[in-house]
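Structure below is data_34.cif: mmCIF, C-alpha atoms and all ligand atoms.
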```cif
data_start
loop_
_atom_site.group_PDB
_atom_site.id
_atom_site.type_symbol
_atom_site.label_atom_id
_atom_site.label_comp_id
_atom_site.auth_asym_id
_atom_site.auth_seq_id
_atom_site.Cartn_x
_atom_site.Cartn_y
_atom_site.Cartn_z
ATOM 1 C CA MET R 1 1.599 19.168 3.600
ATOM 2 C CA PRO R 2 -2.040 20.308 3.109
ATOM 3 C CA PRO R 3 -4.580 17.654 2.153
ATOM 4 C CA LYS R 4 -5.077 17.209 -1.586
ATOM 5 C CA LYS R 5 -8.188 18.635 -3.195
ATOM 6 C CA LEU R 6 -10.420 15.905 -4.566
ATOM 7 C CA ASN R 7 -9.855 16.787 -8.223
ATOM 8 C CA GLN R 8 -6.183 17.661 -8.076
ATOM 9 C CA PRO R 9 -3.939 15.026 -9.692
ATOM 10 C CA VAL R 10 -0.757 13.875 -8.012
ATOM 11 C CA LYS R 11 2.375 14.432 -10.077
ATOM 12 C CA SER R 12 3.920 11.330 -11.581
ATOM 13 C CA GLU R 13 7.502 10.415 -10.671
ATOM 14 C CA GLU R 14 9.807 8.086 -12.537
ATOM 15 C CA VAL R 15 11.000 5.124 -10.537
ATOM 16 C CA VAL R 16 14.655 5.643 -9.708
ATOM 17 C CA VAL R 17 15.920 2.961 -7.410
ATOM 18 C CA LYS R 18 19.283 3.770 -5.890
ATOM 19 C CA GLU R 19 21.301 0.630 -5.298
ATOM 20 C CA PRO R 20 24.322 0.320 -3.101
ATOM 21 C CA PRO R 21 27.415 -0.937 -4.993
ATOM 22 C CA GLY R 22 27.224 -4.672 -5.592
ATOM 23 C CA CYS R 23 23.624 -4.854 -4.406
ATOM 24 C CA ASN R 24 20.578 -5.334 -6.590
ATOM 25 C CA ILE R 25 17.299 -3.805 -5.568
ATOM 26 C CA PHE R 26 16.183 -6.783 -3.534
ATOM 27 C CA CYS R 27 19.321 -7.666 -1.623
ATOM 28 C CA HIS R 28 18.402 -5.244 1.154
ATOM 29 C CA MET R 29 15.585 -7.629 2.031
ATOM 30 C CA ALA R 30 18.082 -10.269 2.977
ATOM 31 C CA THR R 31 19.751 -8.007 5.489
ATOM 32 C CA HIS R 32 16.895 -5.899 6.835
ATOM 33 C CA SER R 33 13.904 -8.176 6.868
ATOM 34 C CA HIS R 34 12.428 -10.893 8.993
ATOM 35 C CA LEU R 35 11.753 -12.863 5.840
ATOM 36 C CA PRO R 36 14.300 -15.557 4.957
ATOM 37 C CA PRO R 37 17.289 -14.279 2.950
ATOM 38 C CA VAL R 38 15.708 -14.903 -0.432
ATOM 39 C CA GLN R 39 15.111 -12.448 -3.182
ATOM 40 C CA LYS R 40 11.432 -11.695 -3.275
ATOM 41 C CA PRO R 41 10.027 -8.426 -4.469
ATOM 42 C CA ILE R 42 7.472 -6.611 -2.382
ATOM 43 C CA VAL R 43 5.276 -4.340 -4.472
ATOM 44 C CA TRP R 44 2.903 -1.929 -2.785
ATOM 45 C CA ILE R 45 -0.251 -1.234 -4.788
ATOM 46 C CA LEU R 46 -1.703 2.168 -4.007
ATOM 47 C CA GLY R 47 -4.596 4.253 -5.273
ATOM 48 C CA GLY R 48 -8.002 5.495 -4.247
ATOM 49 C CA PRO R 49 -11.135 3.415 -3.689
ATOM 50 C CA GLY R 50 -12.322 1.736 -6.871
ATOM 51 C CA VAL R 51 -9.407 2.967 -8.983
ATOM 52 C CA GLY R 52 -8.700 -0.596 -10.165
ATOM 53 C CA LYS R 53 -6.044 -1.887 -7.749
ATOM 54 C CA GLY R 54 -7.585 -5.349 -7.426
ATOM 55 C CA THR R 55 -8.208 -5.619 -11.174
ATOM 56 C CA GLN R 56 -4.558 -4.878 -11.948
ATOM 57 C CA CYS R 57 -3.378 -7.230 -9.196
ATOM 58 C CA HIS R 58 -5.279 -10.113 -10.774
ATOM 59 C CA LYS R 59 -3.487 -9.457 -14.057
ATOM 60 C CA ILE R 60 -0.118 -9.187 -12.297
ATOM 61 C CA VAL R 61 -0.715 -12.526 -10.583
ATOM 62 C CA ALA R 62 -1.606 -14.131 -13.914
ATOM 63 C CA LYS R 63 1.536 -12.806 -15.615
ATOM 64 C CA TYR R 64 4.168 -12.884 -12.878
ATOM 65 C CA GLY R 65 2.797 -15.391 -10.366
ATOM 66 C CA PHE R 66 3.127 -13.033 -7.409
ATOM 67 C CA THR R 67 1.114 -13.567 -4.226
ATOM 68 C CA HIS R 68 -1.732 -11.046 -3.973
ATOM 69 C CA LEU R 69 -2.443 -9.819 -0.458
ATOM 70 C CA SER R 70 -5.289 -7.308 -0.406
ATOM 71 C CA THR R 71 -5.650 -5.677 2.986
ATOM 72 C CA GLY R 72 -9.356 -5.117 2.263
ATOM 73 C CA ASP R 73 -9.820 -8.846 1.525
ATOM 74 C CA LEU R 74 -7.830 -9.870 4.613
ATOM 75 C CA LEU R 75 -10.029 -7.625 6.752
ATOM 76 C CA ARG R 76 -13.256 -8.848 5.128
ATOM 77 C CA ASP R 77 -12.110 -12.457 5.707
ATOM 78 C CA GLU R 78 -11.746 -11.635 9.400
ATOM 79 C CA VAL R 79 -15.252 -10.116 9.363
ATOM 80 C CA LYS R 80 -16.609 -13.361 7.881
ATOM 81 C CA THR R 81 -15.291 -15.366 10.846
ATOM 82 C CA GLY R 82 -17.838 -13.578 13.034
ATOM 83 C CA SER R 83 -15.200 -12.928 15.731
ATOM 84 C CA ASP R 84 -15.440 -9.905 18.037
ATOM 85 C CA LEU R 85 -12.489 -8.434 16.186
ATOM 86 C CA GLY R 86 -14.334 -9.042 12.910
ATOM 87 C CA LYS R 87 -17.399 -7.234 14.247
ATOM 88 C CA ASN R 88 -15.303 -4.203 15.173
ATOM 89 C CA ILE R 89 -13.608 -4.233 11.777
ATOM 90 C CA ALA R 90 -16.975 -4.415 10.006
ATOM 91 C CA GLY R 91 -18.163 -1.260 11.764
ATOM 92 C CA ILE R 92 -15.047 0.663 10.741
ATOM 93 C CA ILE R 93 -15.131 -0.490 7.105
ATOM 94 C CA LYS R 94 -18.838 0.271 6.856
ATOM 95 C CA ARG R 95 -18.121 3.841 7.933
ATOM 96 C CA GLY R 96 -15.334 4.101 5.296
ATOM 97 C CA GLU R 97 -12.668 4.745 7.921
ATOM 98 C CA LEU R 98 -9.267 3.129 8.421
ATOM 99 C CA VAL R 99 -8.848 0.051 10.578
ATOM 100 C CA PRO R 100 -6.070 0.455 13.218
ATOM 101 C CA ASN R 101 -2.708 -0.532 11.843
ATOM 102 C CA ASP R 102 -1.807 -3.112 14.480
ATOM 103 C CA VAL R 103 -4.746 -5.149 13.172
ATOM 104 C CA VAL R 104 -3.989 -4.608 9.472
ATOM 105 C CA LEU R 105 -0.243 -5.169 9.735
ATOM 106 C CA GLY R 106 -0.815 -8.243 11.905
ATOM 107 C CA LEU R 107 -2.968 -9.797 9.171
ATOM 108 C CA VAL R 108 -0.458 -8.871 6.449
ATOM 109 C CA LYS R 109 2.461 -10.328 8.412
ATOM 110 C CA GLN R 110 0.553 -13.548 9.021
ATOM 111 C CA ALA R 111 -0.247 -13.888 5.306
ATOM 112 C CA ILE R 112 3.362 -13.224 4.278
ATOM 113 C CA GLU R 113 4.602 -15.799 6.778
ATOM 114 C CA LYS R 114 2.137 -18.338 5.394
ATOM 115 C CA ASN R 115 3.242 -17.816 1.780
ATOM 116 C CA LYS R 116 6.899 -16.898 2.055
ATOM 117 C CA ALA R 117 8.308 -20.347 1.246
ATOM 118 C CA THR R 118 6.620 -20.621 -2.130
ATOM 119 C CA SER R 119 5.882 -17.041 -3.162
ATOM 120 C CA LYS R 120 7.644 -15.414 -6.101
ATOM 121 C CA GLY R 121 6.930 -11.996 -4.684
ATOM 122 C CA PHE R 122 4.220 -10.100 -2.862
ATOM 123 C CA LEU R 123 1.651 -7.583 -4.013
ATOM 124 C CA ILE R 124 0.511 -5.657 -0.973
ATOM 125 C CA ASP R 125 -2.743 -4.154 -2.256
ATOM 126 C CA GLY R 126 -4.192 -1.213 -0.323
ATOM 127 C CA TYR R 127 -1.276 -0.698 2.011
ATOM 128 C CA PRO R 128 0.083 1.672 3.290
ATOM 129 C CA ARG R 129 -2.818 4.093 3.604
ATOM 130 C CA GLU R 130 -1.152 6.271 6.212
ATOM 131 C CA LYS R 131 2.418 7.507 6.543
ATOM 132 C CA SER R 132 2.852 5.550 9.768
ATOM 133 C CA GLN R 133 1.692 2.326 8.088
ATOM 134 C CA GLY R 134 4.538 2.495 5.583
ATOM 135 C CA GLU R 135 7.044 3.127 8.351
ATOM 136 C CA ALA R 136 5.752 0.208 10.428
ATOM 137 C CA PHE R 137 5.788 -2.184 7.458
ATOM 138 C CA GLU R 138 9.347 -1.373 6.438
ATOM 139 C CA LYS R 139 10.556 -1.571 10.012
ATOM 140 C CA THR R 140 8.995 -4.924 10.811
ATOM 141 C CA ILE R 141 8.803 -6.746 7.466
ATOM 142 C CA ALA R 142 11.004 -5.327 4.699
ATOM 143 C CA PRO R 143 11.370 -2.254 2.524
ATOM 144 C CA ALA R 144 9.042 -2.087 -0.466
ATOM 145 C CA SER R 145 10.876 -2.941 -3.683
ATOM 146 C CA THR R 146 8.687 -0.660 -5.724
ATOM 147 C CA ILE R 147 5.347 1.127 -5.468
ATOM 148 C CA LEU R 148 2.654 1.292 -8.138
ATOM 149 C CA TYR R 149 0.299 4.195 -7.628
ATOM 150 C CA PHE R 150 -2.858 4.196 -9.761
ATOM 151 C CA GLU R 151 -4.508 7.548 -10.206
ATOM 152 C CA ALA R 152 -7.922 8.572 -11.505
ATOM 153 C CA ALA R 153 -10.405 11.345 -10.824
ATOM 154 C CA PRO R 154 -12.658 10.862 -7.796
ATOM 155 C CA GLU R 155 -15.739 10.765 -10.006
ATOM 156 C CA THR R 156 -14.207 7.935 -12.055
ATOM 157 C CA MET R 157 -13.519 5.994 -8.857
ATOM 158 C CA ARG R 158 -17.026 6.622 -7.550
ATOM 159 C CA GLN R 159 -18.614 5.484 -10.819
ATOM 160 C CA ARG R 160 -16.487 2.336 -10.925
ATOM 161 C CA ILE R 161 -17.530 1.357 -7.414
ATOM 162 C CA LEU R 162 -21.200 2.029 -8.133
ATOM 163 C CA HIS R 163 -20.984 0.027 -11.348
ATOM 164 C CA ARG R 164 -19.342 -2.859 -9.477
ATOM 165 C CA ALA R 165 -22.003 -2.666 -6.769
ATOM 166 C CA ALA R 166 -24.840 -2.659 -9.298
ATOM 167 C CA ASN R 167 -23.484 -5.770 -10.996
ATOM 168 C CA ALA R 168 -22.260 -7.736 -7.995
ATOM 169 C CA LYS R 169 -23.886 -10.973 -6.872
ATOM 170 C CA GLU R 170 -22.950 -9.985 -3.339
ATOM 171 C CA ARG R 171 -22.696 -6.222 -2.869
ATOM 172 C CA ARG R 172 -19.837 -5.071 -0.637
ATOM 173 C CA PHE R 173 -21.188 -3.496 2.526
ATOM 174 C CA ASP R 174 -18.960 -0.409 2.089
ATOM 175 C CA ASP R 175 -20.044 0.232 -1.500
ATOM 176 C CA THR R 176 -22.707 2.738 -0.484
ATOM 177 C CA GLU R 177 -22.792 6.401 -1.577
ATOM 178 C CA GLU R 178 -22.155 7.523 1.988
ATOM 179 C CA ALA R 179 -19.191 5.204 2.611
ATOM 180 C CA ILE R 180 -17.688 5.969 -0.818
ATOM 181 C CA GLN R 181 -17.565 9.691 0.054
ATOM 182 C CA ILE R 182 -15.736 8.964 3.314
ATOM 183 C CA ARG R 183 -13.394 6.444 1.649
ATOM 184 C CA LEU R 184 -12.464 9.128 -0.904
ATOM 185 C CA LYS R 185 -12.007 11.749 1.816
ATOM 186 C CA THR R 186 -9.832 9.396 3.904
ATOM 187 C CA PHE R 187 -7.769 8.583 0.828
ATOM 188 C CA TYR R 188 -7.129 12.233 -0.114
ATOM 189 C CA GLU R 189 -6.331 13.186 3.458
ATOM 190 C CA ASN R 190 -3.492 10.662 3.615
ATOM 191 C CA ASN R 191 -2.285 9.920 0.116
ATOM 192 C CA ASP R 192 0.139 12.815 -0.406
ATOM 193 C CA ARG R 193 1.877 12.157 2.864
ATOM 194 C CA VAL R 194 2.248 8.472 2.013
ATOM 195 C CA LEU R 195 3.685 9.154 -1.450
ATOM 196 C CA ALA R 196 5.938 11.954 -0.205
ATOM 197 C CA GLN R 197 7.893 9.397 1.806
ATOM 198 C CA TYR R 198 8.932 7.517 -1.341
ATOM 199 C CA PRO R 199 9.536 10.152 -4.026
ATOM 200 C CA HIS R 200 11.989 7.948 -5.936
ATOM 201 C CA LYS R 201 10.198 4.680 -5.475
ATOM 202 C CA PHE R 202 6.627 5.254 -6.594
ATOM 203 C CA LYS R 203 5.517 5.108 -10.180
ATOM 204 C CA ALA R 204 2.253 6.891 -10.895
ATOM 205 C CA ILE R 205 0.114 5.224 -13.527
ATOM 206 C CA ASN R 206 -2.827 6.876 -15.250
ATOM 207 C CA ALA R 207 -5.771 4.590 -14.428
ATOM 208 C CA GLU R 208 -8.305 6.541 -16.484
ATOM 209 C CA ARG R 209 -7.661 4.240 -19.453
ATOM 210 C CA THR R 210 -8.789 0.700 -20.250
ATOM 211 C CA VAL R 211 -7.651 -2.168 -18.036
ATOM 212 C CA ASP R 212 -5.235 -3.406 -20.718
ATOM 213 C CA GLU R 213 -3.769 0.039 -21.376
ATOM 214 C CA VAL R 214 -3.156 0.483 -17.666
ATOM 215 C CA PHE R 215 -1.583 -2.964 -17.481
ATOM 216 C CA LYS R 216 0.890 -2.081 -20.242
ATOM 217 C CA ASP R 217 2.357 0.555 -17.931
ATOM 218 C CA VAL R 218 2.374 -1.926 -15.072
ATOM 219 C CA GLY R 219 4.424 -4.298 -17.225
ATOM 220 C CA ALA R 220 6.880 -1.520 -18.071
ATOM 221 C CA VAL R 221 7.623 -1.178 -14.351
ATOM 222 C CA LEU R 222 7.556 -4.847 -13.363
ATOM 223 C CA ASP R 223 9.262 -6.506 -16.363
ATOM 224 C CA PRO R 224 12.733 -5.111 -15.566
ATOM 225 C CA ILE R 225 12.301 -5.944 -11.884
ATOM 226 C CA VAL R 226 11.388 -9.546 -12.609
ATOM 227 C CA SER R 227 14.217 -9.840 -15.184
ATOM 228 C CA SER R 228 16.770 -8.480 -12.735
ATOM 229 C CA LEU R 229 15.582 -11.080 -10.260
ATOM 230 C CA GLN R 230 16.053 -13.924 -12.741
ATOM 231 C CA TYR R 231 19.646 -12.905 -13.412
ATOM 232 C CA ALA R 232 20.566 -11.953 -9.850
HETATM 233 P P1 LIG V 1 -10.288 -2.167 0.002
HETATM 234 O O1 LIG V 1 -10.992 -3.439 -0.099
HETATM 235 O O2 LIG V 1 -8.845 -2.128 -0.267
HETATM 236 O O3 LIG V 1 -11.085 -1.110 -0.877
HETATM 237 P P2 LIG V 1 -10.652 0.204 -1.680
HETATM 238 O O4 LIG V 1 -9.267 0.665 -1.455
HETATM 239 O O5 LIG V 1 -11.734 1.152 -1.409
HETATM 240 O O6 LIG V 1 -10.623 -0.310 -3.137
HETATM 241 P P3 LIG V 1 -11.650 -1.235 -3.882
HETATM 242 O O7 LIG V 1 -11.391 -2.667 -3.512
HETATM 243 O O8 LIG V 1 -13.054 -0.750 -3.723
HETATM 244 O O9 LIG V 1 -11.270 -0.954 -5.371
HETATM 245 P P4 LIG V 1 -10.012 -1.320 -6.257
HETATM 246 O O10 LIG V 1 -9.101 -0.174 -6.364
HETATM 247 O O11 LIG V 1 -9.415 -2.640 -5.866
HETATM 248 O O12 LIG V 1 -10.755 -1.427 -7.643
HETATM 249 P P5 LIG V 1 -11.285 -2.733 -8.417
HETATM 250 O O13 LIG V 1 -10.166 -3.388 -9.130
HETATM 251 O O14 LIG V 1 -12.143 -3.551 -7.530
HETATM 252 O O15 LIG V 1 -10.489 -1.544 1.478
HETATM 253 C C1 LIG V 1 -11.780 -1.528 2.061
HETATM 254 C C2 LIG V 1 -11.722 -0.942 3.454
HETATM 255 O O16 LIG V 1 -10.879 -1.766 4.296
HETATM 256 C C3 LIG V 1 -11.109 0.455 3.593
HETATM 257 O O17 LIG V 1 -12.048 1.477 3.319
HETATM 258 C C4 LIG V 1 -10.669 0.444 5.071
HETATM 259 O O18 LIG V 1 -11.780 0.599 5.919
HETATM 260 C C5 LIG V 1 -10.157 -0.968 5.231
HETATM 261 N N1 LIG V 1 -8.721 -1.041 4.907
HETATM 262 C C6 LIG V 1 -8.153 -1.613 3.818
HETATM 263 N N2 LIG V 1 -6.822 -1.451 3.838
HETATM 264 C C7 LIG V 1 -6.528 -0.789 4.976
HETATM 265 C C8 LIG V 1 -5.329 -0.304 5.545
HETATM 266 N N3 LIG V 1 -4.137 -0.466 4.938
HETATM 267 N N4 LIG V 1 -5.407 0.369 6.732
HETATM 268 C C9 LIG V 1 -6.583 0.563 7.345
HETATM 269 N N5 LIG V 1 -7.768 0.152 6.854
HETATM 270 C C10 LIG V 1 -7.746 -0.522 5.668
HETATM 271 O O19 LIG V 1 -12.173 -2.018 -9.528
HETATM 272 C C11 LIG V 1 -13.375 -1.382 -9.193
HETATM 273 C C12 LIG V 1 -14.362 -1.556 -10.362
HETATM 274 O O20 LIG V 1 -13.857 -0.846 -11.508
HETATM 275 C C13 LIG V 1 -14.534 -3.001 -10.810
HETATM 276 O O21 LIG V 1 -15.859 -3.207 -11.173
HETATM 277 C C14 LIG V 1 -13.621 -3.125 -12.040
HETATM 278 O O22 LIG V 1 -14.069 -4.084 -12.943
HETATM 279 C C15 LIG V 1 -13.662 -1.717 -12.602
HETATM 280 N N6 LIG V 1 -12.417 -1.312 -13.245
HETATM 281 C C16 LIG V 1 -11.153 -1.526 -12.804
HETATM 282 N N7 LIG V 1 -10.249 -0.976 -13.654
HETATM 283 C C17 LIG V 1 -10.980 -0.378 -14.627
HETATM 284 C C18 LIG V 1 -10.615 0.372 -15.780
HETATM 285 N N8 LIG V 1 -9.347 0.617 -16.095
HETATM 286 N N9 LIG V 1 -11.603 0.853 -16.568
HETATM 287 C C19 LIG V 1 -12.910 0.621 -16.244
HETATM 288 N N10 LIG V 1 -13.317 -0.092 -15.164
HETATM 289 C C20 LIG V 1 -12.354 -0.578 -14.366
#
```

Written as structure tokens, how would this file's structure read?
Amino acid sequence: MPPKKLNQPVKSEEVVVKEPPGCNIFCHMATHSHLPPVQKPIVWILGGPGVGKGTQCHKIVAKYGFTHLSTGDLLRDEVKTGSDLGKNIAGIIKRGELVPNDVVLGLVKQAIEKNKATSKGFLIDGYPREKSQGEAFEKTIAPASTILYFEAAPETMRQRILHRAANAKERRFDDTEEAIQIRLKTFYENNDRVLAQYPHKFKAINAERTVDEVFKDVGAVLDPIVSSLQYA
């Protein structure tokens, strides 16, 4: 598939989850995952840089009590340790490129392990960013229960990052004009191929609206999932 042009929107798909007879949408996790056989949704949160993934995740956590695992935060935490690995990661993030998946998936796995006993479900924010990342996650952890994909124009994303940077107490080291351009390019080079793997699982949400308007659509996807879990 050719890379998406920067201003070309991705078509929205309705979420249609096909369930085997007698199986709700989470039971596959009990049979195919390394997590304990409990029913815990895994929601992938996708979208370009600055589209509002983290903002929506905070609202999801407040409403549904899910565990928020942001791959960007996990990587930045490793950078803060000052380890050699952290130094390498910092260089990659600063350039706006993708960190190798063995590192990212390792951190995600560790965080899931740490929280799996008490978590009501996981928001995996910023993952997968490449087709192979999705494959590796589902093979070694569990299939995603559903995927929320937030979409906005590149200029909207750029402006949101610059606005955040201008108002931040501590500016993120990848929130520079140069890195933003590469983050956008990296995103558009990979995004179609990632979404194309899950045509019936991802729900595209228009993120050009206010935070609360966007969150209404998030609720429309997650409410039935959480209800089905309560009555499973
Ligand atoms: P990461 O930290 O995930 O950054 P990102 O994807 O570029 O996204 P951001 O965190 O900048 O933005 P966001 O979408 O969360 O928006 P936010 O809610 O903050 O990744 C950083 C780097 O780590 C990557 O470039 C890569 O190097 C590496 N990395 C991460 N994951 C990786 C992976 N899987 N594989 C390899 N490498 C990986 O909102 C932004 C601003 O907009 C805020 O100020 C907010 O208040 C505002 N805002 C939000 N929503 C709205 C709205 N609806 N209206 C108006 N303003 C809004």

Legend entry - Residues within 8 Å of ligand LIG 1 (chain V), counting all atoms listed in the file, as a VMD selection string: chain R and resid 47 to 57 70 to 73 75 to 76 89 92 to 101 104 to 105 125 to 130 133 157 159 to 161 163 to 165 174 to 175 180 183 207 to 214

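Each of R:Ala152, R:Leu74, R:Val221, R:Leu69 was compared to Ser119 in chain R using only C-alpha atoms, and R:Leu69 turns out to be the nearest.
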
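Relative to CA of Trp44 in chain R, CA of Lys216 in chain R is found at 17.6 Å.
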
Could you work out an axis-aligned bounding box for all listed atoms of range 93-108 of chain R, with 6 Å added on each of the six sides, and give its centre and edge lengths in Å to one decimal, as lines of an AutoDock Vina configuration file?
```
center_x = -9.5
center_y = -2.5
center_z = 9.9
size_x = 30.6
size_y = 26.5
size_z = 21.2
```

Inset, instruction - Please measure the separation of CA of Leu162 in chain R and CA of Gln181 in chain R, giving the value in Å to one decimal. - result: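 Answer for the CA of Leu162 in chain R to CA of Gln181 in chain R separation: 11.8 Å.
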
Inset, instruction - Could you tell me which residues the PyMOL selection byres (((chain R and resi 63) around 12) and not hetatm) returns for this structure, as a list in words? - result: Gln56, Cys57, His58, Lys59, Ile60, Val61, Ala62, Tyr64, Gly65, Phe66, Thr67, Lys120, Phe215, Lys216, Val218, Gly219, Leu222, Asp223 and Val226 of chain R

Legend entry - Point (4.2, 9.9, 0.4) neighbourhood (7 Å, all atoms listed in the file) written as a list in words: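 Those residues, ordered by chain and then number, are Lys131, Asn191, Asp192, Arg193, Val194, Leu195, Ala196, Gln197, Tyr198 and Pro199 of chain R.
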
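Taking only C-alpha atoms into account, Tyr188 in chain R lies nearest to R:Glu151 out of the set R:Glu151, R:Asn206, R:Pro41, R:Lys80.
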
Inset, instruction - Can you work out the spacing between CA of Ala204 in chain R and CA of Phe150 in chain R in Å, to one decimal? - result: 5.9 Å
